[in-house]
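K.L.:
So I've got this file, start_23.pdb, and it contains PDB, C-alpha atoms:
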ATOM      1  CA  MET A 169     101.077-138.522 -99.303
ATOM      2  CA  ARG A 170     101.694-142.236 -99.845
ATOM      3  CA  HIS A 171      99.041-144.500-101.300
ATOM      4  CA  ALA A 172      99.117-148.257-101.411
ATOM      5  CA  ILE A 173      97.140-149.757-104.235
ATOM      6  CA  TYR A 174      97.849-153.226-102.886
ATOM      7  CA  SER A 175      97.078-153.858 -99.221
ATOM      8  CA  PRO A 176      97.954-157.342 -97.944
ATOM      9  CA  ALA A 177      96.614-159.012 -94.850
ATOM     10  CA  ARG A 178      98.908-159.056 -91.794
ATOM     11  CA  SER A 179      99.646-162.781 -92.219
ATOM     12  CA  GLN A 180     100.723-162.137 -95.799
ATOM     13  CA  ILE A 181     103.205-159.496 -94.627
ATOM     14  CA  TRP A 182     105.092-162.052 -92.532
ATOM     15  CA  THR A 183     104.959-164.635 -95.310
ATOM     16  CA  ALA A 184     106.302-162.011 -97.702
ATOM     17  CA  ALA A 185     109.146-161.051 -95.384
ATOM     18  CA  ARG A 186     110.158-164.693 -94.939
ATOM     19  CA  PHE A 187     110.087-165.300 -98.701
ATOM     20  CA  VAL A 188     112.232-162.288 -99.496
ATOM     21  CA  ALA A 189     114.695-163.088 -96.705
ATOM     22  CA  GLN A 190     115.088-166.740 -97.763
ATOM     23  CA  SER A 191     115.221-166.246-101.522
ATOM     24  CA  CYS A 192     118.149-165.346-103.665
ATOM     25  CA  PRO A 193     118.380-161.556-103.821
ATOM     26  CA  PRO A 194     115.304-160.164-105.563
ATOM     27  CA  ARG A 195     116.082-158.298-108.771
ATOM     28  CA  VAL A 196     114.840-154.717-108.779
ATOM     29  CA  LEU A 197     115.043-152.355-111.725
ATOM     30  CA  VAL A 198     115.170-148.705-110.608
ATOM     31  CA  VAL A 199     114.081-146.243-113.300
ATOM     32  CA  ASP A 200     114.440-142.474-112.869
ATOM     33  CA  ASP A 201     115.671-139.775-115.232
ATOM     34  CA  TYR A 202     117.249-137.982-112.260
ATOM     35  CA  MET A 203     120.481-139.976-112.064
ATOM     36  CA  ASP A 204     121.376-139.055-108.481
ATOM     37  CA  SER A 205     117.984-140.220-107.241
ATOM     38  CA  ALA A 206     118.146-143.485-109.187
ATOM     39  CA  ASP A 207     121.706-144.228-108.115
ATOM     40  CA  ALA A 208     121.039-143.401-104.450
ATOM     41  CA  LEU A 209     117.958-145.624-104.279
ATOM     42  CA  ALA A 210     119.732-148.463-106.098
ATOM     43  CA  ALA A 211     122.723-148.204-103.741
ATOM     44  CA  PHE A 212     120.421-148.350-100.722
ATOM     45  CA  LEU A 213     118.552-151.362-102.122
ATOM     46  CA  ASP A 214     121.858-153.112-102.911
ATOM     47  CA  ASN A 215     123.034-152.428 -99.370
ATOM     48  CA  VAL A 216     119.986-154.131 -97.837
ATOM     49  CA  GLY A 217     120.212-157.212-100.042
ATOM     50  CA  PHE A 218     118.488-156.522-103.360
ATOM     51  CA  ASP A 219     120.161-157.051-106.734
ATOM     52  CA  THR A 220     119.570-153.839-108.685
ATOM     53  CA  ARG A 221     120.017-152.372-112.115
ATOM     54  CA  VAL A 222     119.372-148.755-113.051
ATOM     55  CA  ALA A 223     117.844-147.149-116.131
ATOM     56  CA  TYR A 224     117.698-143.391-116.645
ATOM     57  CA  ASN A 225     114.965-143.349-119.294
ATOM     58  CA  GLY A 226     111.972-145.336-120.435
ATOM     59  CA  CYS A 227     113.579-146.893-123.513
ATOM     60  CA  ASP A 228     116.492-148.285-121.508
ATOM     61  CA  ALA A 229     114.064-149.494-118.830
ATOM     62  CA  LEU A 230     112.135-151.572-121.362
ATOM     63  CA  LYS A 231     115.332-153.013-122.830
ATOM     64  CA  ILE A 232     116.755-153.952-119.407
ATOM     65  CA  ALA A 233     113.424-155.377-118.221
ATOM     66  CA  ASN A 234     113.164-157.650-121.255
ATOM     67  CA  GLU A 235     116.784-158.827-121.068
ATOM     68  CA  TRP A 236     117.352-159.010-117.287
ATOM     69  CA  ARG A 237     113.835-160.010-116.125
ATOM     70  CA  PRO A 238     113.582-158.112-112.814
ATOM     71  CA  ASP A 239     111.383-159.339-109.984
ATOM     72  CA  SER A 240     110.066-155.792-109.488
ATOM     73  CA  VAL A 241     110.392-152.329-111.035
ATOM     74  CA  VAL A 242     110.563-149.006-109.190
ATOM     75  CA  LEU A 243     109.494-146.534-111.842
ATOM     76  CA  ASP A 244     109.482-142.736-111.995
ATOM     77  CA  ILE A 245     106.448-141.345-113.793
ATOM     78  CA  ALA A 246     107.457-137.971-115.257
ATOM     79  CA  MET A 247     110.391-138.710-117.546
ATOM     80  CA  PRO A 248     111.244-137.117-120.885
ATOM     81  CA  GLY A 249     110.614-139.264-123.929
ATOM     82  CA  VAL A 250     108.915-142.477-122.870
ATOM     83  CA  SER A 251     107.054-141.746-119.623
ATOM     84  CA  GLY A 252     106.768-144.107-116.684
ATOM     85  CA  LEU A 253     103.097-144.601-117.530
ATOM     86  CA  ALA A 254     104.004-145.750-121.045
ATOM     87  CA  VAL A 255     106.710-148.047-119.661
ATOM     88  CA  ALA A 256     104.222-149.580-117.211
ATOM     89  CA  ARG A 257     101.643-150.195-119.940
ATOM     90  CA  THR A 258     104.271-151.786-122.193
ATOM     91  CA  LEU A 259     105.538-154.032-119.389
ATOM     92  CA  ARG A 260     101.965-155.147-118.662
ATOM     93  CA  GLU A 261     101.370-155.989-122.338
ATOM     94  CA  SER A 262     104.413-158.281-122.596
ATOM     95  CA  PRO A 263     103.912-161.870-121.393
ATOM     96  CA  ALA A 264     107.486-161.869-120.035
ATOM     97  CA  THR A 265     106.875-158.901-117.719
ATOM     98  CA  ALA A 266     103.100-158.808-117.288
ATOM     99  CA  SER A 267     103.163-160.043-113.690
ATOM    100  CA  VAL A 268     106.206-158.084-112.483
ATOM    101  CA  PRO A 269     105.172-155.834-109.569
ATOM    102  CA  LEU A 270     105.422-152.148-110.454
ATOM    103  CA  LEU A 271     106.004-149.415-107.873
ATOM    104  CA  ALA A 272     105.361-145.851-109.025
ATOM    105  CA  TYR A 273     108.045-143.621-107.517
ATOM    106  CA  THR A 274     106.922-140.132-108.332
ATOM    107  CA  ALA A 275     107.122-136.447-107.490
ATOM    108  CA  CYS A 276     103.683-135.995-109.084
ATOM    109  CA  ASP A 277     100.643-135.668-106.858
ATOM    110  CA  ALA A 278      99.502-139.256-106.345
ATOM    111  CA  ASP A 279      95.994-138.085-105.414
ATOM    112  CA  ASP A 280      95.533-136.527-108.850
ATOM    113  CA  ASN A 281      97.070-139.466-110.727
ATOM    114  CA  TYR A 282      95.837-142.437-108.705
ATOM    115  CA  GLU A 283      93.361-143.790-111.282
ATOM    116  CA  GLU A 284      95.769-143.259-114.167
ATOM    117  CA  LEU A 285      98.540-145.071-112.262
ATOM    118  CA  ARG A 286      96.226-147.945-111.491
ATOM    119  CA  ALA A 287      94.959-148.142-115.076
ATOM    120  CA  SER A 288      98.563-148.201-116.329
ATOM    121  CA  GLY A 289      99.255-151.295-114.246
ATOM    122  CA  PHE A 290     100.999-150.043-111.123
ATOM    123  CA  ASP A 291     100.659-152.167-108.003
ATOM    124  CA  ALA A 292     101.672-149.455-105.532
ATOM    125  CA  VAL A 293     102.763-145.830-105.433
ATOM    126  CA  CYS A 294     104.946-143.720-103.189
ATOM    127  CA  SER A 295     105.551-140.005-103.496
ATOM    128  CA  LYS A 296     108.998-138.434-103.569
ATOM    129  CA  PRO A 297     110.732-137.634-101.395
ATOM    130  CA  VAL A 298     110.331-140.957 -99.633
ATOM    131  CA  ASP A 299     112.315-142.711 -96.960
ATOM    132  CA  PRO A 300     114.103-145.571 -98.776
ATOM    133  CA  VAL A 301     113.109-147.869 -95.912
ATOM    134  CA  MET A 302     109.491-147.367 -97.032
ATOM    135  CA  VAL A 303     110.479-148.439-100.552
ATOM    136  CA  VAL A 304     112.032-151.603 -99.089
ATOM    137  CA  ARG A 305     108.854-152.323 -97.129
ATOM    138  CA  ILE A 306     106.656-151.868-100.184
ATOM    139  CA  LEU A 307     108.944-154.014-102.351
ATOM    140  CA  THR A 308     108.970-156.730 -99.703
ATOM    141  CA  LEU A 309     105.180-156.750 -99.669
ATOM    142  CA  LEU A 310     104.906-156.732-103.455
ATOM    143  CA  LEU A 311     107.504-159.467-103.929
ATOM    144  CA  GLY A 312     105.959-161.545-101.172
ATOM    145  CA  SER A 313     102.501-161.195-102.679
ATOM    146  CA  VAL A 314     103.843-162.540-105.971
ATOM    147  CA  ALA A 315     105.321-165.543-104.139
ATOM    148  CA  ILE A 316     102.074-166.105-102.249
ATOM    149  CA  ASN A 317     100.053-165.942-105.468
ATOM    150  CA  ARG A 318     102.443-168.376-107.170
ATOM    151  CA  ALA A 319     102.239-170.762-104.211
ATOM    152  CA  HIS A 320      98.450-170.770-104.408
ATOM    153  CA  THR A 321      98.547-171.695-108.101
ATOM    154  CA  LEU A 322     100.983-174.595-107.713
ATOM    155  CA  PRO A 323      99.529-178.098-107.473
ATOM    156  CA  SER A 324      99.668-179.593-103.965
TER     157      SER A 324
END
Take the structure in this file and express it as structure tokens.
P.N.:
Amino acid sequence: MRHAIYSPARSQIWTAARFVAQSCPPRVLVVDDYMDSADALAAFLDNVGFDTRVAYNGCDALKIANEWRPDSVVLDIAMPGVSGLAVARTLRESPATASVPLLAYTACDADDNYEELRASGFDAVCSKPVDPVMVVRILTLLLGSVAINRAHTLPS
């Protein structure tokens, strides 16, 4: 089952799509300890116009996020070592990455983990296996919502 923590208004969806289409390619960090899954999703995202990097563990994810400054992170939850939840909390604590949209990409039951995901700072969640087109849609909404929020804070 898929759950959206963030649910934009219909007008925001079109604004988001226009922003993503007109911007330079959004940077997306894909993090999953299952290499085939991470590589496949990153290849799909690259193919549809995103600029991606891949990390196969939480430590590398934090390093890449701090150096590369992605526009969004697609993050597996259950990883050995540093979990996706710990990565999310760390990203939220850093001023450089605090506002980066986080998408939980997990094989765990989202119903059981919804509150923990939200408390860790995730903006949205999708359960594996997921159609990569759905990931693109969610990323487009999340990236567009960031642009909309930035536009509302800029002086007129």
K.L.:
Could you name the residues that touch Val303 (chain A) at 9 Å or less, counting only C-alpha atoms, but leaving out those on the same chain fewer than 5 positions away, as a ChimeraX atom specification?
P.N.:
/A:209,213,242,271,273,294,298,308
K.L.:
Selection in question (the file shown): the PyMOL selection byres ((chain A and resi 257) around 10). Which residues does it include, as an MDAnalysis selection string?
P.N.:
chainID A and resid 252:256 258:262 266 285 287:290
K.L.:
For the residues selected in the previous step, produce a file with C-alpha atoms as a PDB file, keeping the file's coordinate frame.
P.N.:
ATOM      1  CA  GLY A 252     106.768-144.107-116.684  1.00  0.00           C
ATOM      2  CA  LEU A 253     103.097-144.601-117.530  1.00  0.00           C
ATOM      3  CA  ALA A 254     104.004-145.750-121.045  1.00  0.00           C
ATOM      4  CA  VAL A 255     106.710-148.047-119.661  1.00  0.00           C
ATOM      5  CA  ALA A 256     104.222-149.580-117.211  1.00  0.00           C
ATOM      6  CA  THR A 258     104.271-151.786-122.193  1.00  0.00           C
ATOM      7  CA  LEU A 259     105.538-154.032-119.389  1.00  0.00           C
ATOM      8  CA  ARG A 260     101.965-155.147-118.662  1.00  0.00           C
ATOM      9  CA  GLU A 261     101.370-155.989-122.338  1.00  0.00           C
ATOM     10  CA  SER A 262     104.413-158.281-122.596  1.00  0.00           C
ATOM     11  CA  ALA A 266     103.100-158.808-117.288  1.00  0.00           C
ATOM     12  CA  LEU A 285      98.540-145.071-112.262  1.00  0.00           C
ATOM     13  CA  ALA A 287      94.959-148.142-115.076  1.00  0.00           C
ATOM     14  CA  SER A 288      98.563-148.201-116.329  1.00  0.00           C
ATOM     15  CA  GLY A 289      99.255-151.295-114.246  1.00  0.00           C
ATOM     16  CA  PHE A 290     100.999-150.043-111.123  1.00  0.00           C
TER      17      PHE A 290
END
K.L.:
Which of these, A:Leu230, A:Val196, A:Ala210, A:Cys276, has the shortest distance to Leu307 (chain A) once you count all atoms listed in the file?
P.N.:
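That would be A:Val196, the residue with the smallest distance to Leu307 (chain A).
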K.L.:
One decimal, Å: what's the distance from CA of Ser240 (chain A) over to CA of Tyr202 (chain A), could you say?
P.N.:
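For CA of Ser240 (chain A) relative to CA of Tyr202 (chain A), the distance reads 19.4 Å.
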K.L.:
For Met247 (chain A), list every protein, DNA or RNA residue within 7 Å, evaluated using only C-alpha atoms, and leave out those in the same chain fewer than 4 positions away; present the list as an MDAnalysis selection string.
P.N.:
chainID A and resid 201 225 251:252
K.L.:
In Å, how far is it from CA of Asp299 (chain A) to CA of Asp200 (chain A)?
P.N.:
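Between CA of Asp299 (chain A) and CA of Asp200 (chain A) the gap works out to 16.1 Å.
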K.L.:
Please expand the PyMOL selection byres ((chain A and resi 217) around 12) into the concrete residues it hits in this file, giving the result as a ChimeraX atom specification.
P.N.:
/A:188-196,210-216,218-220,304,307-308
K.L.:
Go through A:Pro263, A:Pro269, A:Gly249, A:Gly312 and flag the residue nearest Cys227 (chain A), using only C-alpha atoms for the distances.
P.N.:
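Checking each of A:Pro263, A:Pro269, A:Gly249, A:Gly312 against Cys227 (chain A), counting only C-alpha atoms, the winner is A:Gly249.
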K.L.:
Compare A:Ile232, A:Val199, A:Ala208, A:Ala292 by their minimum atom-to-atom distance to Ala246 (chain A), counting only C-alpha atoms, and give me the closest one.
P.N.:
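Of the candidates, the smallest distance to Ala246 (chain A) is held by A:Val199.
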K.L.:
Would you compute the distance between CA of Leu309 (chain A) and CA of Ser295 (chain A)? Give it in Å to one decimal.
P.N.:
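Separating CA of Leu309 (chain A) from CA of Ser295 (chain A) is a distance of 17.2 Å.
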K.L.:
Using the file's own x, y and z axes, what box holds all listed atoms of region 226-232 of chain A with 3 Å on each side, keeping edges along x, y and z, and what are its centre and edge lengths in Å to one decimal, as lines of an AutoDock Vina configuration file?
P.N.:
center_x = 114.4
center_y = -149.6
center_z = -121.2
size_x = 10.8
size_y = 14.6
size_z = 10.7
K.L.:
Closest to Trp236 (chain A) among A:Leu197, A:Val268, A:Val250, A:Ser205, using all atoms listed in the file?
P.N.:
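Residue with the minimum atom-to-atom distance to Trp236 (chain A): A:Leu197.
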K.L.:
Using all atoms listed in the file, which residues sit within 6 Å of Thr274 (chain A) once same-chain residues fewer than 6 positions away are excluded, as a ChimeraX atom specification?
P.N.:
/A:244-245,295-296
K.L.:
Convert the current residue selection to file output with C-alpha atoms, as a JSON list (two decimals), in the frame of the given file.
P.N.:
[["chain", "number", "residue", "atom", "x", "y", "z"],
["A", 244, "ASP", "CA", 109.48, -142.74, -112.00],
["A", 245, "ILE", "CA", 106.45, -141.34, -113.79],
["A", 295, "SER", "CA", 105.55, -140.00, -103.50],
["A", 296, "LYS", "CA", 109.00, -138.43, -103.57]]
